Structure formats: C-alpha cells, structure tokens
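Undergrad: Quick one, data-v8.pdb (PDB, C-alpha atoms):
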ATOM      1  CA  MET A1425      -6.095  18.682 -16.088
ATOM      2  CA  GLU A1426      -4.782  20.078 -12.812
ATOM      3  CA  ILE A1427      -2.300  17.905 -10.917
ATOM      4  CA  PRO A1428      -2.287  18.572  -7.151
ATOM      5  CA  LYS A1429       1.128  19.748  -5.994
ATOM      6  CA  ASP A1430       0.934  17.545  -2.904
ATOM      7  CA  TYR A1431      -0.113  14.321  -4.677
ATOM      8  CA  LEU A1432       3.181  12.542  -3.916
ATOM      9  CA  ALA A1433       2.978  13.348  -0.206
ATOM     10  CA  THR A1434      -0.674  12.280  -0.072
ATOM     11  CA  ASN A1435      -0.029   8.947  -1.780
ATOM     12  CA  LYS A1436       3.168   8.289   0.166
ATOM     13  CA  ALA A1437       1.317   8.756   3.459
ATOM     14  CA  THR A1438      -1.427   6.379   2.333
ATOM     15  CA  TRP A1439       1.007   3.660   1.247
ATOM     16  CA  ASN A1440       3.066   4.053   4.406
ATOM     17  CA  GLN A1441       0.048   3.376   6.592
ATOM     18  CA  LYS A1442      -0.877   0.302   4.527
ATOM     19  CA  VAL A1443       2.443  -1.491   4.922
ATOM     20  CA  ASP A1444       1.928  -3.125   8.327
ATOM     21  CA  TYR A1445      -1.568  -4.322   7.422
ATOM     22  CA  HIS A1446      -0.350  -5.713   4.105
ATOM     23  CA  VAL A1447       2.603  -7.522   5.668
ATOM     24  CA  ASP A1448       0.235  -9.211   8.154
ATOM     25  CA  SER A1449      -2.504 -10.001   5.616
ATOM     26  CA  ASP A1450      -3.505 -13.337   4.118
ATOM     27  CA  PHE A1451      -3.366 -11.597   0.752
ATOM     28  CA  TYR A1452       0.430 -11.246   0.893
ATOM     29  CA  ASN A1453       0.854 -14.553   2.785
ATOM     30  CA  MET A1454       4.202 -13.673   4.318
ATOM     31  CA  GLU A1455       4.641 -17.083   5.965
ATOM     32  CA  ALA A1456       4.512 -18.889   2.611
ATOM     33  CA  PHE A1457       6.814 -16.304   1.040
ATOM     34  CA  LEU A1458       9.411 -16.660   3.791
ATOM     35  CA  ASN A1459       9.250 -20.422   3.296
ATOM     36  CA  GLY A1460      10.179 -20.069  -0.377
ATOM     37  CA  LYS A1461       6.945 -19.450  -2.282
ATOM     38  CA  SER A1462       7.334 -17.124  -5.260
ATOM     39  CA  THR A1463       4.900 -14.216  -5.440
ATOM     40  CA  LEU A1464       5.229 -13.890  -9.219
ATOM     41  CA  ASN A1465       2.324 -15.006 -11.416
ATOM     42  CA  ASP A1466       2.277 -17.111 -14.579
ATOM     43  CA  ILE A1467       1.544 -14.011 -16.700
ATOM     44  CA  GLU A1468       4.757 -12.183 -15.857
ATOM     45  CA  LEU A1469       6.889 -15.309 -15.450
ATOM     46  CA  HIS A1470       6.113 -16.263 -19.050
ATOM     47  CA  LEU A1471       7.089 -12.800 -20.298
ATOM     48  CA  LEU A1472      10.199 -12.451 -18.141
ATOM     49  CA  GLY A1473      11.687 -15.768 -19.256
ATOM     50  CA  ASP A1474      14.960 -16.977 -17.754
ATOM     51  CA  VAL A1475      16.244 -14.198 -15.497
ATOM     52  CA  THR A1476      19.373 -15.972 -14.271
ATOM     53  CA  GLY A1477      22.210 -13.457 -14.109
ATOM     54  CA  LYS A1478      20.020 -10.612 -15.397
ATOM     55  CA  LYS A1479      20.080  -7.138 -13.886
ATOM     56  CA  ILE A1480      16.433  -6.249 -13.228
ATOM     57  CA  LEU A1481      14.950  -2.953 -12.098
ATOM     58  CA  HIS A1482      11.538  -3.393 -10.482
ATOM     59  CA  LEU A1483       9.557  -0.135 -10.402
ATOM     60  CA  GLN A1484       6.967   0.438  -7.646
ATOM     61  CA  CYS A1485       7.841  -2.766  -5.807
ATOM     62  CA  HIS A1486       5.857  -2.124  -2.581
ATOM     63  CA  PHE A1487       7.696  -4.063   0.169
ATOM     64  CA  GLY A1488       9.662  -6.165  -2.244
ATOM     65  CA  GLN A1489       8.176  -9.652  -2.407
ATOM     66  CA  ASP A1490       8.264  -9.811  -6.221
ATOM     67  CA  THR A1491      11.740  -8.239  -6.310
ATOM     68  CA  LEU A1492      13.004 -10.842  -3.872
ATOM     69  CA  SER A1493      11.258 -13.602  -5.831
ATOM     70  CA  LEU A1494      13.285 -12.470  -8.865
ATOM     71  CA  ALA A1495      16.455 -12.604  -6.751
ATOM     72  CA  ARG A1496      15.587 -16.155  -5.750
ATOM     73  CA  MET A1497      15.427 -16.986  -9.464
ATOM     74  CA  GLY A1498      19.012 -15.815  -9.906
ATOM     75  CA  ALA A1499      18.489 -12.202 -10.962
ATOM     76  CA  LYS A1500      20.422  -9.254  -9.585
ATOM     77  CA  ALA A1501      17.345  -7.281  -8.622
ATOM     78  CA  THR A1502      16.818  -3.661  -7.650
ATOM     79  CA  GLY A1503      13.427  -2.527  -6.358
ATOM     80  CA  MET A1504      12.139   1.022  -5.914
ATOM     81  CA  ASP A1505       9.088   2.446  -4.236
ATOM     82  CA  LEU A1506       7.753   5.790  -3.046
ATOM     83  CA  SER A1507       6.975   4.471   0.444
ATOM     84  CA  ASP A1508       9.970   4.670   2.773
ATOM     85  CA  LYS A1509       8.225   2.309   5.188
ATOM     86  CA  ALA A1510       7.772  -0.282   2.421
ATOM     87  CA  ILE A1511      11.402   0.034   1.362
ATOM     88  CA  ALA A1512      12.567  -0.396   4.959
ATOM     89  CA  LYS A1513      10.566  -3.645   5.142
ATOM     90  CA  ALA A1514      11.962  -4.796   1.784
ATOM     91  CA  ARG A1515      15.524  -4.270   2.992
ATOM     92  CA  GLU A1516      14.727  -6.144   6.190
ATOM     93  CA  LEU A1517      13.385  -9.098   4.182
ATOM     94  CA  ALA A1518      16.409  -9.109   1.858
ATOM     95  CA  GLU A1519      18.731  -9.294   4.850
ATOM     96  CA  GLN A1520      16.600 -11.921   6.589
ATOM     97  CA  LEU A1521      16.565 -14.118   3.470
ATOM     98  CA  ASN A1522      20.173 -13.328   2.500
ATOM     99  CA  LEU A1523      19.179 -12.386  -1.053
ATOM    100  CA  ASP A1524      21.080 -10.256  -3.563
ATOM    101  CA  ALA A1525      18.628  -7.378  -3.893
ATOM    102  CA  THR A1526      18.922  -3.608  -3.540
ATOM    103  CA  PHE A1527      16.094  -1.231  -2.643
ATOM    104  CA  VAL A1528      15.755   2.489  -3.350
ATOM    105  CA  CYS A1529      13.126   4.874  -1.954
ATOM    106  CA  SER A1530      12.146   7.304  -4.698
ATOM    107  CA  ASP A1531       9.411   8.769  -6.791
ATOM    108  CA  VAL A1532       9.434   7.077 -10.217
ATOM    109  CA  TYR A1533      10.112  10.339 -12.022
ATOM    110  CA  ASP A1534      13.056  11.217  -9.762
ATOM    111  CA  LEU A1535      14.701   7.793  -9.938
ATOM    112  CA  PRO A1536      17.395   8.824 -12.487
ATOM    113  CA  ASN A1537      18.666  11.210  -9.795
ATOM    114  CA  GLN A1538      18.692   8.467  -7.153
ATOM    115  CA  LEU A1539      20.055   5.436  -9.014
ATOM    116  CA  GLU A1540      22.815   4.774 -11.527
ATOM    117  CA  GLY A1541      23.342   2.015 -14.078
ATOM    118  CA  GLU A1542      21.619   0.187 -16.914
ATOM    119  CA  PHE A1543      19.498  -2.933 -16.661
ATOM    120  CA  ASP A1544      18.703  -5.946 -18.836
ATOM    121  CA  ILE A1545      15.046  -5.784 -17.782
ATOM    122  CA  VAL A1546      12.798  -3.114 -16.315
ATOM    123  CA  PHE A1547       9.722  -4.690 -14.733
ATOM    124  CA  THR A1548       6.551  -3.305 -13.173
ATOM    125  CA  SER A1549       3.210  -4.901 -12.417
ATOM    126  CA  TYR A1550      -0.367  -4.563 -11.147
ATOM    127  CA  GLY A1551      -1.707  -1.283  -9.853
ATOM    128  CA  THR A1552       1.291   0.878 -10.681
ATOM    129  CA  ILE A1553       0.673   3.457 -13.414
ATOM    130  CA  GLY A1554      -2.561   4.747 -11.903
ATOM    131  CA  TRP A1555      -0.435   6.647  -9.373
ATOM    132  CA  LEU A1556       1.438   8.482 -12.142
ATOM    133  CA  PRO A1557      -0.080  11.512 -13.900
ATOM    134  CA  ASP A1558       2.287  11.576 -16.907
ATOM    135  CA  LEU A1559       3.133   8.363 -18.774
ATOM    136  CA  ASP A1560       5.549  10.114 -21.131
ATOM    137  CA  LYS A1561       7.780  10.884 -18.129
ATOM    138  CA  TRP A1562       7.313   7.258 -16.966
ATOM    139  CA  ALA A1563       8.430   5.856 -20.319
ATOM    140  CA  LYS A1564      11.439   8.205 -20.331
ATOM    141  CA  VAL A1565      12.551   6.665 -17.029
ATOM    142  CA  ILE A1566      12.154   3.159 -18.438
ATOM    143  CA  HIS A1567      14.202   4.109 -21.518
ATOM    144  CA  HIS A1568      16.841   5.741 -19.319
ATOM    145  CA  PHE A1569      17.484   2.592 -17.301
ATOM    146  CA  LEU A1570      17.315  -0.033 -20.055
ATOM    147  CA  LYS A1571      20.516  -1.015 -21.785
ATOM    148  CA  PRO A1572      20.338  -1.113 -25.629
ATOM    149  CA  GLY A1573      18.354  -4.217 -26.530
ATOM    150  CA  GLY A1574      17.035  -4.504 -22.995
ATOM    151  CA  LYS A1575      13.361  -5.279 -22.439
ATOM    152  CA  PHE A1576      10.524  -3.745 -20.509
ATOM    153  CA  VAL A1577       8.056  -6.243 -19.011
ATOM    154  CA  PHE A1578       4.744  -4.811 -17.852
ATOM    155  CA  ALA A1579       1.621  -6.481 -16.443
ATOM    156  CA  GLU A1580      -1.192  -4.207 -15.320
ATOM    157  CA  PHE A1581      -4.881  -4.133 -14.532
ATOM    158  CA  HIS A1582      -6.855  -3.272 -17.640
ATOM    159  CA  PRO A1583      -8.144   0.319 -17.868
ATOM    160  CA  MET A1584     -11.648  -1.045 -18.397
ATOM    161  CA  VAL A1585     -11.630  -2.283 -14.782
ATOM    162  CA  TRP A1586     -11.031   1.238 -13.499
ATOM    163  CA  MET A1587     -14.117   2.600 -15.285
ATOM    164  CA  PHE A1588     -16.482   0.852 -12.867
ATOM    165  CA  ASP A1589     -17.617   1.739  -9.385
ATOM    166  CA  TYR A1590     -16.186  -0.424  -6.578
ATOM    167  CA  ASP A1591     -18.957  -3.047  -6.839
ATOM    168  CA  PHE A1592     -18.923  -3.161 -10.647
ATOM    169  CA  THR A1593     -22.537  -2.092 -10.963
ATOM    170  CA  LYS A1594     -22.097   0.993 -13.167
ATOM    171  CA  ILE A1595     -19.608   3.004 -15.193
ATOM    172  CA  GLU A1596     -18.345   5.750 -12.903
ATOM    173  CA  TYR A1597     -15.078   6.990 -14.416
ATOM    174  CA  SER A1598     -13.868   7.881 -17.884
ATOM    175  CA  TYR A1599     -11.773   5.384 -19.797
ATOM    176  CA  PHE A1600      -9.610   8.342 -20.824
ATOM    177  CA  ASN A1601      -7.180  10.333 -18.704
ATOM    178  CA  THR A1602      -9.400  13.390 -18.461
ATOM    179  CA  GLU A1603      -9.451  14.019 -14.713
ATOM    180  CA  THR A1604      -7.490  13.709 -11.513
ATOM    181  CA  ILE A1605      -9.293  11.207  -9.268
ATOM    182  CA  ILE A1606      -9.162  12.263  -5.617
ATOM    183  CA  GLU A1607     -10.753   9.786  -3.207
ATOM    184  CA  THR A1608     -11.077   8.916   0.453
ATOM    185  CA  THR A1609     -11.696   5.215   1.064
ATOM    186  CA  GLU A1610     -11.611   2.821   4.001
ATOM    187  CA  GLY A1611      -9.728  -0.444   4.438
ATOM    188  CA  THR A1612      -7.372  -1.762   1.791
ATOM    189  CA  TYR A1613      -7.538  -4.348  -0.992
ATOM    190  CA  ALA A1614      -5.392  -6.729   1.070
ATOM    191  CA  ASP A1615      -7.506  -6.348   4.215
ATOM    192  CA  LYS A1616     -10.890  -4.787   3.592
ATOM    193  CA  GLU A1617     -11.597  -4.632   7.348
ATOM    194  CA  ALA A1618      -8.385  -2.791   8.222
ATOM    195  CA  PRO A1619      -9.111   0.372  10.258
ATOM    196  CA  LEU A1620      -7.627   2.647   7.628
ATOM    197  CA  LYS A1621      -8.878   5.834   6.042
ATOM    198  CA  ASN A1622      -7.012   6.391   2.785
ATOM    199  CA  GLU A1623      -6.668   9.633   0.881
ATOM    200  CA  SER A1624      -5.401   9.033  -2.640
ATOM    201  CA  VAL A1625      -4.734  10.823  -5.905
ATOM    202  CA  SER A1626      -4.769   8.756  -9.094
ATOM    203  CA  TRP A1627      -5.325   8.777 -12.843
ATOM    204  CA  ASN A1628      -6.847   6.421 -15.412
ATOM    205  CA  HIS A1629      -4.678   5.652 -18.451
ATOM    206  CA  PRO A1630      -6.175   4.263 -21.679
ATOM    207  CA  LEU A1631      -4.184   1.725 -23.669
ATOM    208  CA  SER A1632      -3.483   4.324 -26.352
ATOM    209  CA  GLU A1633      -1.687   6.493 -23.789
ATOM    210  CA  VAL A1634       0.419   3.542 -22.620
ATOM    211  CA  PHE A1635       1.395   2.530 -26.155
ATOM    212  CA  GLN A1636       2.098   6.063 -27.337
ATOM    213  CA  SER A1637       4.325   6.824 -24.357
ATOM    214  CA  LEU A1638       6.447   3.742 -25.049
ATOM    215  CA  ILE A1639       6.596   4.301 -28.810
ATOM    216  CA  LYS A1640       7.489   7.978 -28.377
ATOM    217  CA  ASN A1641      10.423   6.956 -26.204
ATOM    218  CA  THR A1642      11.768   4.469 -28.791
ATOM    219  CA  LEU A1643      10.571   1.345 -27.023
ATOM    220  CA  GLU A1644       9.471  -1.182 -29.629
ATOM    221  CA  ILE A1645       6.355  -3.180 -28.724
ATOM    222  CA  ASN A1646       7.040  -6.914 -29.091
ATOM    223  CA  THR A1647       4.138  -8.452 -27.188
ATOM    224  CA  PHE A1648       0.674  -7.337 -26.170
ATOM    225  CA  GLU A1649      -1.760  -9.661 -24.378
ATOM    226  CA  GLU A1650      -5.141  -9.226 -22.682
ATOM    227  CA  TYR A1651      -6.543 -11.557 -20.027
ATOM    228  CA  ASP A1652     -10.124 -12.120 -18.885
ATOM    229  CA  TYR A1653      -9.109 -12.654 -15.268
ATOM    230  CA  SER A1654      -7.038 -11.179 -12.457
ATOM    231  CA  PRO A1655      -4.427 -13.243 -10.604
ATOM    232  CA  TYR A1656      -5.473 -11.412  -7.436
ATOM    233  CA  SER A1657      -8.722 -11.244  -5.463
ATOM    234  CA  CYS A1658      -8.223  -7.546  -4.832
ATOM    235  CA  PHE A1659     -11.566  -6.335  -6.191
ATOM    236  CA  ASN A1660     -15.083  -6.537  -4.806
ATOM    237  CA  GLU A1661     -17.560  -9.087  -6.160
ATOM    238  CA  VAL A1662     -14.965 -11.597  -7.382
ATOM    239  CA  GLU A1663     -15.073 -15.370  -7.678
ATOM    240  CA  GLU A1664     -12.208 -17.807  -8.163
ATOM    241  CA  PHE A1665     -13.104 -19.857 -11.253
ATOM    242  CA  ALA A1666      -9.715 -21.612 -11.422
ATOM    243  CA  PRO A1667      -6.722 -21.677  -9.064
ATOM    244  CA  ASN A1668      -5.446 -18.084  -8.637
ATOM    245  CA  LYS A1669      -7.740 -16.771 -11.381
ATOM    246  CA  PHE A1670     -10.455 -14.318 -10.374
ATOM    247  CA  ARG A1671     -13.311 -12.677 -12.263
ATOM    248  CA  ILE A1672     -16.139 -10.335 -11.356
ATOM    249  CA  LYS A1673     -19.007 -12.751 -10.644
ATOM    250  CA  HIS A1674     -21.747 -11.073 -12.636
ATOM    251  CA  LEU A1675     -19.455 -10.101 -15.535
ATOM    252  CA  ASP A1676     -17.920 -13.558 -16.040
ATOM    253  CA  ASN A1677     -15.376 -13.435 -18.889
ATOM    254  CA  LYS A1678     -16.976 -10.481 -20.664
ATOM    255  CA  ILE A1679     -14.371  -7.828 -19.782
ATOM    256  CA  PRO A1680     -10.566  -7.796 -19.890
ATOM    257  CA  MET A1681      -9.073  -7.524 -16.408
ATOM    258  CA  VAL A1682      -5.336  -7.531 -17.068
ATOM    259  CA  TYR A1683      -3.053  -6.718 -19.974
ATOM    260  CA  ALA A1684       0.654  -7.274 -20.517
ATOM    261  CA  ILE A1685       3.296  -5.687 -22.720
ATOM    262  CA  VAL A1686       6.890  -6.526 -23.600
ATOM    263  CA  ALA A1687       8.866  -3.757 -25.300
ATOM    264  CA  THR A1688      12.517  -3.528 -26.345
ATOM    265  CA  LYS A1689      14.806  -0.509 -26.218
ATOM    266  CA  LYS A1690      15.957   0.163 -29.771
TER     267      LYS A1690
END
How would this structure read if it were set down as structure tokens?

TA:
Amino acid sequence: MEIPKDYLATNKATWNQKVDYHVDSDFYNMEAFLNGKSTLNDIELHLLGDVTGKKILHLQCHFGQDTLSLARMGAKATGMDLSDKAIAKARELAEQLNLDATFVCSDVYDLPNQLEGEFDIVFTSYGTIGWLPDLDKWAKVIHHFLKPGGKFVFAEFHPMVWMFDYDFTKIEYSYFNTETIIETTEGTYADKEAPLKNESVSWNHPLSEVFQSLIKNTLEINTFEEYDYSPYSCFNEVEEFAPNKFRIKHLDNKIPMVYAIVATKK
C-alpha cells in the first residue's frame, strides 16, 4: 500500500480550512460550551472515571473543546493536533476561559519530539485513527507517553461505518486496511452547506489492527465495548432515537457505530 508523501500537508490544509466553519457551527455549539457545557459524551466519561488531578494527553483534539472540558473537570490536560489553526483557537479558548490546559501543534507520530513527560491517561476519540496510515506507530506514541500503570481511553467510530458510501446505501470500501483512500468532498460534517472543497487522505482500520497494535506495544486491553449508535449527527441519513443518540434511519440498530477501548500500560 503506497502512502502519499504529502498526505500530512494535504490533511493539514483541509483541517485548517474547516476550523472557522466548525467554530461557528451548531454542531460544536460554541455558545453553550463557553457557558459551561461539557462536550464529552457518556461513553468516554464512563471510561475516563474521576480525572481530578490527573495528567491527561488528548491526541488529535481539534480546537480543544474536549481537552478544555477535561480541564474543567480538574484534569491537567494537554491537547495536540496537526492543524495549527485549530491549536491557535484552542489556546485562545484556554486563555479566555482561564483553564489549565496546554496545546501542542504536531503530527501524532512526531509528538515524542515535540512534547516531554508522562501522563496518567492518554485519550483520543471519534474520527481520529482514520487519518493515520500506521497504527503500530500510533500505539508506540501512546506507550511512550503513558506512565507505568497509566491507561489509554479510546472511543472511535466503528470500522463497519466506514465501509459504506456516504448515504449508507451500499458497501463501497474494504473493512480491511488494503488501500489509501484519496477523496475530494464538499462541505463538512459540522456544516454540510459550508462552501468548502476538501482534499483528504485516509485509511480504514479493522478492529484486529487496532487490538494488535496495542497488544504489540504492551498495552493490556481491559475494556472493549460496541455501541449501536453515534453520539453525533455527523453522518448522512441519521435520526435521533434518544437524546444525543443517532442511528442510520434505514439500518436502525443493526450495525455497530462506535466502539471503545481501555488499555493499561504494563
């Protein structure tokens, strides 16, 4: 499988142009966030537990709402993201809200060269690993930053979701990581009418690849859960069947939409 040499630059440019539209969108509901609403969901809150006083590294944090929500809960939070525009906004929000949070602009794989220290928890969630071609390198970074006995908390869209076309009418992509997916799309999940043309490079990762990468890097799997809903209305053809729980209308509860893992550094 050939990995384009410019994939980081392509994806960084795409995420940079999304930031302003996302900040202004109903999806991210900045007004409610600034007024104290947490952006974390029940799935990850349950797995994170009490974070008071914990050092948390949040990988691929976008413009930092979840990182800052962790800081509001008493964590000493550090967020990282590839998009320098997103990180600039995250720092602005941290200063505006007077929260103890640090933000680093970096590629995930290069983070050990950009950040020092060990953390009680490494956290990442929803739409993150698809931008990474090599999960072994990803798991190495997680292991690097966790202190002994520290835990990795991961919530992600299920790989089955990424097999479908955008309207969930047919299987379009392999479940397995067999190809680099290069696409040009319009709009964005947070604002489908945004006048954006997005070039992106991504990869599908089966559950076996996720598990094997963690196991290979001496991260012991403690918890694995699958959920028949998404906490976000970021896909086409969804319906809200309960507060903040979304499914594909014509698929009901027949497919998993999210999974979650907790793993401990041995």

Undergrad: Distance table requested - range 1564-1637 of chain A against range 1479-1489 of chain A, cut-off 12 Å, all atoms listed in the file: one row per qualifying residue with the closest atom pair and its distance in Å to one decimal, ordered by chain and rising residue number, as JSON lines.

TA:
{"residue": "A:Val1565", "atom": "CA", "partner": "A:Leu1483", "partner_atom": "CA", "distance": 10.0}
{"residue": "A:Ile1566", "atom": "CA", "partner": "A:Leu1483", "partner_atom": "CA", "distance": 9.1}
{"residue": "A:His1567", "atom": "CA", "partner": "A:Leu1481", "partner_atom": "CA", "distance": 11.8}
{"residue": "A:His1568", "atom": "CA", "partner": "A:Leu1481", "partner_atom": "CA", "distance": 11.5}
{"residue": "A:Phe1569", "atom": "CA", "partner": "A:Leu1481", "partner_atom": "CA", "distance": 8.0}
{"residue": "A:Leu1570", "atom": "CA", "partner": "A:Leu1481", "partner_atom": "CA", "distance": 8.8}
{"residue": "A:Lys1571", "atom": "CA", "partner": "A:Lys1479", "partner_atom": "CA", "distance": 10.0}
{"residue": "A:Gly1574", "atom": "CA", "partner": "A:Ile1480", "partner_atom": "CA", "distance": 9.9}
{"residue": "A:Lys1575", "atom": "CA", "partner": "A:Ile1480", "partner_atom": "CA", "distance": 9.8}
{"residue": "A:Phe1576", "atom": "CA", "partner": "A:Leu1481", "partner_atom": "CA", "distance": 9.5}
{"residue": "A:Val1577", "atom": "CA", "partner": "A:His1482", "partner_atom": "CA", "distance": 9.6}
{"residue": "A:Phe1578", "atom": "CA", "partner": "A:Leu1483", "partner_atom": "CA", "distance": 10.0}
{"residue": "A:Ala1579", "atom": "CA", "partner": "A:Leu1483", "partner_atom": "CA", "distance": 11.8}

Undergrad: Write to file, as an mmCIF file, keeping the file's coordinate frame, the residues of the selection just made, with C-alpha atoms.

TA:
data_model
loop_
_atom_site.group_PDB
_atom_site.id
_atom_site.type_symbol
_atom_site.label_atom_id
_atom_site.label_comp_id
_atom_site.auth_asym_id
_atom_site.auth_seq_id
_atom_site.Cartn_x
_atom_site.Cartn_y
_atom_site.Cartn_z
ATOM 1 C CA VAL A 1565 12.551 6.665 -17.029
ATOM 2 C CA ILE A 1566 12.154 3.159 -18.438
ATOM 3 C CA HIS A 1567 14.202 4.109 -21.518
ATOM 4 C CA HIS A 1568 16.841 5.741 -19.319
ATOM 5 C CA PHE A 1569 17.484 2.592 -17.301
ATOM 6 C CA LEU A 1570 17.315 -0.033 -20.055
ATOM 7 C CA LYS A 1571 20.516 -1.015 -21.785
ATOM 8 C CA GLY A 1574 17.035 -4.504 -22.995
ATOM 9 C CA LYS A 1575 13.361 -5.279 -22.439
ATOM 10 C CA PHE A 1576 10.524 -3.745 -20.509
ATOM 11 C CA VAL A 1577 8.056 -6.243 -19.011
ATOM 12 C CA PHE A 1578 4.744 -4.811 -17.852
ATOM 13 C CA ALA A 1579 1.621 -6.481 -16.443
#

Undergrad: Could you pull the residues within 9 Å of Ala1437 in chain A, counting only C-alpha atoms, minus those fewer than 3 positions along the same chain, as a JSON list (two decimals) with C-alpha atoms, in the frame of the given file?

TA:
[["chain", "number", "residue", "atom", "x", "y", "z"],
["A", 1432, "LEU", "CA", 3.18, 12.54, -3.92],
["A", 1433, "ALA", "CA", 2.98, 13.35, -0.21],
["A", 1434, "THR", "CA", -0.67, 12.28, -0.07],
["A", 1440, "ASN", "CA", 3.07, 4.05, 4.41],
["A", 1441, "GLN", "CA", 0.05, 3.38, 6.59],
["A", 1442, "LYS", "CA", -0.88, 0.30, 4.53],
["A", 1507, "SER", "CA", 6.98, 4.47, 0.44],
["A", 1622, "ASN", "CA", -7.01, 6.39, 2.78],
["A", 1623, "GLU", "CA", -6.67, 9.63, 0.88]]

Undergrad: Tell me, as a PyMOL selection string, which residues lie within 10 Å of range 1608-1611 of chain A, counting all atoms listed in the file; anything in the same chain fewer than 2 positions away does not count.

TA: chain A and resi 1442+1445+1606+1613-1625

Undergrad: Padding of 3 Å on every side, edges along x, y and z, all listed atoms of range 1425-1440 of chain A included: what centre and edge lengths in Å, to one decimal, does that box have, as AutoDock Vina command-line options?

TA:
--center_x -1.5 --center_y 11.9 --center_z -5.8 --size_x 15.3 --size_y 22.4 --size_z 26.5

Undergrad: Given the file shown, enumerate the residues that the PyMOL selection byres ((chain A and resi 1581) around 9) captures and present them as a PyMOL selection string.

TA: chain A and resi 1549-1552+1579-1580+1582-1586+1654+1680-1684

Undergrad: Considering only C-alpha atoms, give me a table of residues in range 1498-1547 of chain A that are at most 10 Å from range 1447-1462 of chain A, with the closest atom pair and distance in Å for each, as CSV.

TA:
residue,atom,partner,partner_atom,distance
A:Ala1510,CA,A:Val1447,CA,9.5
A:Lys1513,CA,A:Val1447,CA,8.9
A:Leu1517,CA,A:Leu1458,CA,8.6
A:Gln1520,CA,A:Leu1458,CA,9.1
A:Leu1521,CA,A:Leu1458,CA,7.6

Undergrad: Generate the output file for the selected residues, C-alpha atoms, as a CSV table (one decimal), keeping the file's coordinate frame.

TA:
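The resulting file, part33.csv, is shown below:
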chain,number,residue,atom,x,y,z
A,1510,ALA,CA,7.8,-0.3,2.4
A,1513,LYS,CA,10.6,-3.6,5.1
A,1517,LEU,CA,13.4,-9.1,4.2
A,1520,GLN,CA,16.6,-11.9,6.6
A,1521,LEU,CA,16.6,-14.1,3.5

Undergrad: Which one is closest to Gly1573 in chain A: A:Glu1644, A:Glu1516, A:Asp1534, A:Glu1633? Count only C-alpha atoms.

TA: A:Glu1644

Undergrad: Please identify all polymer residues within 8 Å of Asn1601 in chain A, counting all atoms listed in the file, omitting same-chain residues fewer than 5 positions from it, and present them as a PyMOL selection string.

TA: chain A and resi 1627-1630

Undergrad: Kindly give the distance, in Å, that separates CA of Phe1670 in chain A and CA of Glu1468 in chain A, rounded to a single decimal.

TA: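 Computed distance, CA of Phe1670 in chain A to CA of Glu1468 in chain A, equals 16.3 Å.
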
Undergrad: For a test of reading the model, state the distance in Å between CA of Asn1522 in chain A and CA of Lys1500 in chain A, rounded to one decimal.

TA: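 According to the coordinates, CA of Asn1522 in chain A and CA of Lys1500 in chain A are separated by 12.8 Å.
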
Undergrad: Kindly provide, as a ChimeraX atom specification, the polymer residues lying within 6 Å of (-9.7, -13.4, -18.4), counting only C-alpha atoms and using the coordinates exactly as they appear in the file.

TA: /A:1651-1653,1677,1680

Undergrad: Would you work out the distance separating CA of Cys1529 in chain A from CA of Trp1439 in chain A, expressed in Å to one decimal?

TA: 12.6 Å
